[in-house]
$ cat start_31.csv   # CSV, C-alpha atoms and all ligand atoms
chain,number,residue,atom,x,y,z
C,24,MET,CA,110.0,92.1,123.0
C,25,PHE,CA,108.8,89.2,120.7
C,26,ASP,CA,105.1,89.6,121.5
C,27,LEU,CA,103.0,90.1,118.4
C,28,ALA,CA,99.6,90.2,120.2
C,29,GLY,CA,97.2,92.6,118.4
C,30,LYS,CA,99.3,92.6,115.2
C,31,VAL,CA,97.9,91.5,111.8
C,32,ALA,CA,100.3,89.8,109.4
C,33,LEU,CA,99.7,88.9,105.7
C,34,VAL,CA,101.8,86.0,104.4
C,35,THR,CA,101.8,85.5,100.7
C,36,GLY,CA,102.0,81.8,99.7
C,37,GLY,CA,101.2,81.1,103.3
C,38,ASN,CA,99.2,78.0,102.7
C,39,GLY,CA,102.1,75.6,102.6
C,40,GLY,CA,105.9,75.2,102.9
C,41,ILE,CA,108.0,78.0,104.3
C,42,GLY,CA,105.1,80.5,104.2
C,43,LEU,CA,103.1,78.3,106.5
C,44,GLY,CA,106.1,77.6,108.8
C,45,MET,CA,106.5,81.4,109.2
C,46,ALA,CA,102.8,82.0,109.6
C,47,ARG,CA,102.6,79.5,112.3
C,48,GLY,CA,105.5,81.2,114.2
C,49,LEU,CA,103.9,84.6,113.9
C,50,ALA,CA,100.6,83.2,115.1
C,51,GLN,CA,102.2,81.5,118.0
C,52,ALA,CA,103.7,84.8,119.0
C,53,GLY,CA,100.2,86.3,119.1
C,54,ALA,CA,99.6,87.7,115.6
C,55,THR,CA,96.5,87.2,113.5
C,56,VAL,CA,97.8,85.7,110.3
C,57,VAL,CA,96.2,86.1,106.9
C,58,LEU,CA,97.4,83.6,104.3
C,59,ALA,CA,97.2,84.8,100.7
C,60,ALA,CA,97.4,82.2,97.9
C,61,ARG,CA,95.6,80.9,94.8
C,62,ASP,CA,94.6,77.4,95.9
C,63,ALA,CA,91.6,77.8,98.1
C,64,VAL,CA,91.5,74.1,99.1
C,65,LYS,CA,95.1,74.2,100.3
C,66,SER,CA,94.5,77.4,102.1
C,67,ALA,CA,91.4,76.0,103.9
C,68,ALA,CA,93.5,73.0,105.1
C,69,ALA,CA,96.2,75.3,106.4
C,70,ILE,CA,93.7,77.5,108.2
C,71,GLN,CA,92.1,74.4,109.8
C,72,ALA,CA,95.6,73.2,111.0
C,73,LEU,CA,96.4,76.6,112.5
C,74,THR,CA,93.0,77.3,114.1
C,75,GLY,CA,92.8,73.7,115.3
C,76,ASP,CA,95.9,74.6,117.4
C,77,GLY,CA,94.1,77.6,118.8
C,78,LEU,CA,95.9,80.2,116.6
C,79,LYS,CA,94.3,83.2,114.9
C,80,ALA,CA,94.3,82.6,111.1
C,81,ASP,CA,92.3,83.6,108.0
C,82,SER,CA,92.9,83.3,104.3
C,83,ILE,CA,92.3,85.4,101.2
C,84,GLU,CA,92.4,83.9,97.7
C,85,ALA,CA,94.7,86.0,95.5
C,86,ASN,CA,97.1,85.8,92.7
C,87,VAL,CA,99.8,88.2,93.8
C,88,THR,CA,101.2,88.7,90.3
C,89,ASN,CA,98.1,90.6,89.5
C,90,GLU,CA,98.0,94.3,90.4
C,91,GLY,CA,94.2,94.4,90.7
C,92,GLU,CA,94.0,91.2,92.9
C,93,VAL,CA,96.7,92.6,95.2
C,94,ALA,CA,94.7,95.8,95.7
C,95,GLN,CA,91.6,93.7,96.4
C,96,MET,CA,93.5,91.5,98.8
C,97,PHE,CA,94.6,94.4,101.0
C,98,GLN,CA,91.1,95.9,100.8
C,99,GLU,CA,89.6,92.6,102.0
C,100,LEU,CA,92.2,92.3,104.8
C,101,MET,CA,91.4,95.8,106.0
C,102,LEU,CA,87.7,95.1,106.0
C,103,ARG,CA,88.1,91.9,108.0
C,104,HIS,CA,91.0,92.8,110.3
C,105,GLY,CA,91.3,96.6,110.3
C,106,ARG,CA,95.0,97.0,110.2
C,107,LEU,CA,98.3,95.7,108.7
C,108,ASP,CA,101.5,95.5,110.7
C,109,ILE,CA,103.5,92.7,109.1
C,110,LEU,CA,103.9,91.6,105.4
C,111,VAL,CA,105.8,88.5,104.4
C,112,ASN,CA,106.4,88.3,100.7
C,113,ASN,CA,107.0,84.5,100.4
C,114,ALA,CA,105.0,83.4,97.2
C,115,GLY,CA,107.5,82.0,94.8
C,116,THR,CA,108.1,79.5,92.0
C,117,ASN,CA,110.9,78.2,89.9
C,118,ILE,CA,111.3,76.8,86.4
C,119,ARG,CA,114.6,74.9,86.2
C,120,LYS,CA,116.2,75.5,82.8
C,121,ALA,CA,119.4,77.0,81.5
C,122,ALA,CA,119.0,80.5,80.1
C,123,HIS,CA,119.5,79.2,76.5
C,124,ASP,CA,116.5,76.9,76.9
C,125,MET,CA,114.2,79.4,78.6
C,126,SER,CA,111.3,81.1,76.8
C,127,LEU,CA,110.3,84.7,77.6
C,128,ALA,CA,107.0,83.4,79.0
C,129,GLU,CA,108.9,81.2,81.5
C,130,TRP,CA,111.2,84.0,82.4
C,131,ASN,CA,108.2,86.4,83.0
C,132,ASN,CA,106.4,83.8,85.0
C,133,VAL,CA,109.3,83.4,87.5
C,134,MET,CA,110.0,87.1,87.6
C,135,ASP,CA,106.4,88.1,88.1
C,136,THR,CA,105.8,85.5,90.8
C,137,ASN,CA,109.0,86.1,92.8
C,138,LEU,CA,109.9,89.8,92.2
C,139,THR,CA,107.1,91.8,90.7
C,140,SER,CA,104.6,90.4,93.3
C,141,THR,CA,107.0,91.5,96.1
C,142,PHE,CA,107.0,95.0,94.6
C,143,LEU,CA,103.2,95.1,94.2
C,144,CYS,CA,102.6,93.9,97.8
C,145,CYS,CA,105.2,96.2,99.3
C,146,ARG,CA,103.8,99.2,97.4
C,147,ALA,CA,100.2,98.5,98.5
C,148,ALA,CA,101.2,97.8,102.1
C,149,ARG,CA,103.0,101.0,102.7
C,150,ALA,CA,100.0,103.3,103.2
C,151,LEU,CA,98.4,100.7,105.5
C,152,MET,CA,101.6,100.4,107.6
C,153,GLN,CA,101.8,104.2,107.8
C,154,GLU,CA,98.2,104.2,109.2
C,155,ALA,CA,99.4,101.6,111.8
C,156,GLY,CA,102.3,103.8,112.8
C,157,GLY,CA,104.9,101.6,111.2
C,158,GLY,CA,105.4,98.1,110.0
C,159,LYS,CA,107.6,95.1,109.2
C,160,ILE,CA,108.3,93.7,105.7
C,161,ILE,CA,110.0,90.4,105.3
C,162,ASN,CA,110.9,89.4,101.8
C,163,ILE,CA,112.0,85.9,101.0
C,164,GLY,CA,115.2,85.6,98.9
C,165,SER,CA,117.2,82.5,98.5
C,166,MET,CA,120.8,81.1,98.4
C,167,LEU,CA,120.4,82.0,94.7
C,168,SER,CA,120.3,85.7,95.8
C,169,ILE,CA,124.0,85.1,96.4
C,170,PHE,CA,125.1,82.2,94.3
C,171,GLY,CA,124.6,81.2,90.7
C,172,ALA,CA,123.2,78.0,89.4
C,173,PRO,CA,123.1,76.9,85.7
C,174,TYR,CA,119.5,75.9,85.9
C,175,ALA,CA,118.2,79.1,87.6
C,176,PRO,CA,118.6,82.2,85.4
C,177,ALA,CA,115.2,83.7,86.2
C,178,TYR,CA,115.0,82.4,89.7
C,179,GLY,CA,118.5,83.8,90.6
C,180,ALA,CA,117.7,87.2,88.9
C,181,SER,CA,114.4,87.4,90.7
C,182,LYS,CA,115.9,86.5,94.1
C,183,GLY,CA,118.9,88.9,93.7
C,184,GLY,CA,116.3,91.5,92.8
C,185,VAL,CA,114.3,90.8,96.0
C,186,VAL,CA,117.4,91.7,98.0
C,187,GLN,CA,118.0,94.9,96.1
C,188,LEU,CA,114.3,95.9,96.2
C,189,THR,CA,114.4,95.3,100.0
C,190,ARG,CA,117.4,97.6,100.4
C,191,SER,CA,115.6,100.3,98.3
C,192,ILE,CA,112.4,100.2,100.3
C,193,ALA,CA,114.2,100.0,103.6
C,194,THR,CA,115.9,103.2,102.8
C,195,ALA,CA,112.9,104.9,101.3
C,196,TRP,CA,110.5,104.0,104.1
C,197,ALA,CA,112.7,104.1,107.2
C,198,ALA,CA,111.2,107.5,108.0
C,199,ASP,CA,107.7,105.8,108.1
C,200,ASN,CA,109.0,103.5,110.8
C,201,ILE,CA,108.8,100.6,108.3
C,202,GLN,CA,111.6,98.1,108.6
C,203,ALA,CA,112.2,95.8,105.5
C,204,ASN,CA,114.5,92.9,105.5
C,205,ALA,CA,115.1,89.8,103.4
C,206,VAL,CA,115.5,86.2,104.6
C,207,LEU,CA,117.6,83.8,102.5
C,208,PRO,CA,116.6,80.3,103.2
C,209,GLY,CA,119.0,77.5,102.6
C,210,TRP,CA,117.7,74.2,101.3
C,211,ILE,CA,114.3,73.6,103.0
C,212,ASP,CA,112.2,70.4,102.5
C,213,THR,CA,109.0,71.7,100.7
C,214,ASP,CA,106.9,70.9,97.6
C,215,LEU,CA,109.2,73.3,95.6
C,216,THR,CA,112.4,71.4,96.5
C,217,ARG,CA,110.8,68.0,96.4
C,218,LYS,CA,110.4,68.8,92.7
C,219,ALA,CA,114.0,70.0,92.5
C,220,ARG,CA,115.3,66.8,93.9
C,221,GLU,CA,113.4,64.9,91.2
C,222,GLN,CA,114.7,67.3,88.4
C,223,VAL,CA,118.3,67.9,89.5
C,224,ALA,CA,120.4,64.6,89.7
C,225,GLY,CA,122.4,64.3,92.9
C,226,LEU,CA,120.9,67.4,94.5
C,227,HIS,CA,119.9,65.7,97.7
C,228,GLU,CA,123.4,64.3,98.4
C,229,ARG,CA,125.0,67.6,97.4
C,230,VAL,CA,122.9,69.6,99.8
C,231,LEU,CA,123.6,67.2,102.7
C,232,GLY,CA,127.3,67.2,101.9
C,233,ARG,CA,127.5,71.0,101.7
C,234,THR,CA,125.3,72.0,104.6
C,235,PRO,CA,127.3,72.1,107.9
C,236,ALA,CA,124.2,71.4,109.9
C,237,GLY,CA,124.1,68.0,108.1
C,238,ARG,CA,120.4,68.1,107.2
C,239,TRP,CA,117.8,69.8,105.0
C,240,GLY,CA,115.9,72.6,106.8
C,241,VAL,CA,112.2,72.3,107.6
C,242,PRO,CA,109.6,75.1,107.3
C,243,ALA,CA,109.6,75.4,111.2
C,244,ASP,CA,113.2,76.5,111.0
C,245,LEU,CA,112.0,79.8,109.5
C,246,ALA,CA,109.6,80.6,112.3
C,247,GLY,CA,112.2,82.2,114.6
C,248,ILE,CA,113.5,84.6,112.0
C,249,ALA,CA,110.0,85.6,111.1
C,250,VAL,CA,109.1,86.4,114.7
C,251,PHE,CA,112.3,88.3,115.2
C,252,LEU,CA,112.0,90.4,112.1
C,253,ALA,CA,108.3,91.1,112.8
C,254,SER,CA,108.8,92.1,116.4
C,255,SER,CA,110.1,95.2,118.2
C,256,ALA,CA,113.3,93.2,118.8
C,257,SER,CA,114.4,94.1,115.3
C,258,ASP,CA,113.4,97.8,115.3
C,259,PHE,CA,116.9,99.0,114.4
C,260,ILE,CA,117.5,96.3,111.7
C,261,THR,CA,116.5,97.2,108.2
C,262,GLY,CA,117.7,96.6,104.6
C,263,THR,CA,119.6,93.4,105.6
C,264,ALA,CA,119.5,89.9,104.1
C,265,ILE,CA,119.8,87.1,106.6
C,266,PRO,CA,120.6,83.6,105.6
C,267,VAL,CA,118.8,80.8,107.5
C,268,ASP,CA,120.7,77.9,106.0
C,269,GLY,CA,122.4,75.7,108.5
C,270,GLY,CA,125.7,77.3,107.5
C,271,TYR,CA,125.4,76.5,103.7
C,272,SER,CA,126.4,80.0,102.6
C,273,VAL,CA,129.7,80.1,104.7
C,274,ALA,CA,130.8,76.5,104.0
C,301,LIG,P1,106.0,76.0,97.9
C,301,LIG,O1,105.9,75.7,96.5
C,301,LIG,O2,105.7,75.0,99.0
C,301,LIG,O3,105.2,77.3,98.3
C,301,LIG,C1,105.0,78.4,97.3
C,301,LIG,C2,103.8,79.1,97.7
C,301,LIG,O4,103.6,80.2,96.9
C,301,LIG,C3,102.6,78.3,97.7
C,301,LIG,O5,101.9,78.4,98.9
C,301,LIG,C4,101.8,78.9,96.5
C,301,LIG,O6,100.4,78.8,96.8
C,301,LIG,C5,102.2,80.3,96.5
C,301,LIG,N1,102.2,81.0,95.2
C,301,LIG,C6,102.8,80.7,94.1
C,301,LIG,N2,102.5,81.5,93.1
C,301,LIG,C7,101.6,82.4,93.7
C,301,LIG,C8,100.8,83.5,93.1
C,301,LIG,N3,100.9,83.9,91.8
C,301,LIG,N4,99.9,84.1,94.0
C,301,LIG,C9,99.8,83.7,95.2
C,301,LIG,N5,100.5,82.7,95.8
C,301,LIG,C10,101.4,82.1,95.0
C,301,LIG,O7,107.5,76.6,98.1
C,301,LIG,P2,108.4,76.9,99.3
C,301,LIG,O8,107.7,77.0,100.6
C,301,LIG,O9,109.7,76.1,99.2
C,301,LIG,O10,108.9,78.4,98.9
C,301,LIG,C11,108.4,79.6,99.6
C,301,LIG,C12,109.4,80.7,99.2
C,301,LIG,O11,110.7,80.4,99.7
C,301,LIG,C13,109.5,80.9,97.7
C,301,LIG,O12,109.7,82.3,97.5
C,301,LIG,C14,110.8,80.2,97.4
C,301,LIG,O13,111.5,80.7,96.3
C,301,LIG,C15,111.6,80.5,98.7
C,301,LIG,N6,112.7,79.6,98.9
C,301,LIG,C16,112.5,78.2,99.1
C,301,LIG,C17,113.6,77.4,99.4
C,301,LIG,C18,113.5,76.0,99.7
C,301,LIG,O14,114.5,75.3,99.9
C,301,LIG,N7,112.3,75.4,99.8
C,301,LIG,C19,115.0,78.0,99.5
C,301,LIG,C20,115.1,79.4,99.2
C,301,LIG,C21,114.0,80.1,99.0
C,301,LIG,P3,99.2,78.6,95.7
C,301,LIG,O15,99.8,77.6,94.7
C,301,LIG,O16,98.0,78.1,96.5
C,301,LIG,O17,99.0,79.9,95.1
$ encode --input "start_31.csv" --output "structure tokens" --more "lines below"
Ligand code: NDP
Amino acid sequence: MFDLAGKVALVTGGNGGIGLGMARGLAQAGATVVLAARDAVKSAAAIQALTGDGLKADSIEANVTNEGEVAQMFQELMLRHGRLDILVNNAGTNIRKAAHDMSLAEWNNVMDTNLTSTFLCCRAARALMQEAGGGKIINIGSMLSIFGAPYAPAYGASKGGVVQLTRSIATAWAADNIQANAVLPGWIDTDLTRKAREQVAGLHERVLGRTPAGRWGVPADLAGIAVFLASSASDFITGTAIPVDGGYSVA
């Protein structure tokens, strides 16, 4: 039920952090994973780590905020691997400022990276998934898809948008046998949150105090949900948003 042998997965922002944790899980379940990101050196290191463990992995350099680059990315994926079964929209960023201090350029940067890229990749993937007889889309939201934070106006808007976009495509493409779901990670130790811990005083202690599991998550904590939502085990699950947060959202 969880076997992904013969499947091809594209993971945006898959060269580090949560994306790499999910990519590793998908590859361990048998998929060929293609990591899409901008930093070719970081991607090469990630590919080396995965293939060094005997997993099937490849990378494509792409800025997923750019419509033309997204089209080229899928073209290249089809040339190299011939099919697309799984899309993980994970590329993301944050600029931590209150709304009254945020410029339009900063707002657009966060919205483009987190939300518009997800729209662009989903839209381009649909026809390829139809060709494959169906597909699985996993969009990465956040606790800030649910909660507010004073320093995250664009991030929260983008991650709330990711959940609503997921619901919309889940309903539109169910007839194509495409299931689309969102994953809402809690606080996970990555480059992104290492920066947050430096910028937001007391964050580390607040996260530990509020998370019932009593620890920060690690990227490997996201592997299980990725495999579940990418596999036939979740064929009747679509349009939902699943927290993977050590209990943070119910505490
Ligand atoms: P990282 O900063 O470690 O990873 C972000 C990834 O996105 C990088 O691999 C980066 O690669 C890629 N990326 C950024 N911009 C672009 C772009 N324009 N085109 C292509 N790739 C891009 O962060 P995390 O692993 O923490 O975050 C991954 C996702 O999880 C994000 O969507 C984030 O919002 C979300 N999330 C994270 C949480 C956490 O606690 N860490 C909590 C909730 C959600 P490169 O620079 O090479 O392009």
$ closest_residue --input "start_31.csv" --among "C:Ala172, C:Met101, C:Ala155, C:Val185" --to "ligand LIG 301 (chain C)" --atoms "all atoms listed in the file"
C:Val185
$ closest_residue --input "start_31.csv" --among "C:Ala52, C:Leu167, C:Leu215, C:Leu127" --to "ligand LIG 301 (chain C)" --atoms "only C-alpha atoms and all ligand atoms"
C:Leu215
$ atom_distance --input "start_31.csv" --atom1 "atom C16 of ligand LIG 301 (chain C)" --atom2 "CA of Asn131 (chain C)"
18.6 Å
$ atom_distance --input "start_31.csv" --atom1 "CA of Ile161 (chain C)" --atom2 "CA of Ala264 (chain C)"
9.6 Å
$ residues_around --input "start_31.csv" --residues "region 24-29 of chain C" --least-positions-apart "5" --cutoff "10 Å" --atoms "all atoms listed in the file" --output "list in words"
Leu49, Ala50, Gln51, Ala52, Gly53, Ala54, Thr55, Arg106, Asp108, Ile109, Gly247, Val250, Phe251, Leu252, Ala253, Ser254, Ser255, Ala256 and Ser257 of chain C
$ residues_near_ligand --input "start_31.csv" --ligand "ligand LIG 301 (chain C)" --cutoff "8 Å" --atoms "all atoms listed in the file" --output "PyMOL selection string"
chain C and resi 35-43+59-63+65-66+84-89+112-117+135-137+140+163-167+178+182+207-216+240+242
$ atom_distance --input "start_31.csv" --atom1 "CA of Ala94 (chain C)" --atom2 "CA of Ile192 (chain C)"
18.8 Å
$ residues_around --input "start_31.csv" --residues "region 70-75 of chain C" --least-positions-apart "5" --cutoff "7 Å" --atoms "all atoms listed in the file" --output "list of chain:residue names"
C:Arg47, C:Ala80, C:Asp81
$ closest_residue --input "start_31.csv" --among "C:Thr194, C:Ser82, C:Gln153, C:Gln95" --to "Ile260 (chain C)" --atoms "all atoms listed in the file"
C:Thr194
$ closest_residue --input "start_31.csv" --among "C:Gln98, C:Val111, C:Gly157, C:Asp76" --to "Phe142 (chain C)" --atoms "all atoms listed in the file"
C:Val111
$ residues_around --input "start_31.csv" --residues "region 232-238 of chain C" --least-positions-apart "5" --cutoff "6 Å" --atoms "only C-alpha atoms" --output "JSON, numbers by chain"
{"C": [269, 270, 271]}
$ residues_around --input "start_31.csv" --residues "region 189-191 of chain C" --least-positions-apart "4" --cutoff "8 Å" --atoms "only C-alpha atoms" --output "tab-separated table (two decimals) with C-alpha atoms, in the coordinates of the input"
chain	number	residue	atom	x	y	z
C	162	ASN	CA	110.90	89.40	101.80
C	185	VAL	CA	114.30	90.80	96.00
C	195	ALA	CA	112.90	104.90	101.30
C	203	ALA	CA	112.20	95.80	105.50
C	204	ASN	CA	114.50	92.90	105.50
C	205	ALA	CA	115.10	89.80	103.40
C	261	THR	CA	116.50	97.20	108.20
C	262	GLY	CA	117.70	96.60	104.60
C	263	THR	CA	119.60	93.40	105.60
$ residues_around --input "start_31.csv" --residues "Trp130 (chain C)" --least-positions-apart "3" --cutoff "12 Å" --atoms "only C-alpha atoms" --output "PyMOL selection string"
chain C and resi 116-127+133-138+175-181
$ axis_aligned_box --input "start_31.csv" --around "region 236-245 of chain C" --padding-each-side "5 Å" --output "JSON"
{"center_x": 116.9, "center_y": 73.9, "center_z": 108.1, "size_x": 24.6, "size_y": 21.8, "size_z": 16.2}
$ closest_residue --input "start_31.csv" --among "C:Ala68, C:Val93, C:Glu228, C:Pro266" --to "Asp244 (chain C)" --atoms "all atoms listed in the file"
C:Pro266
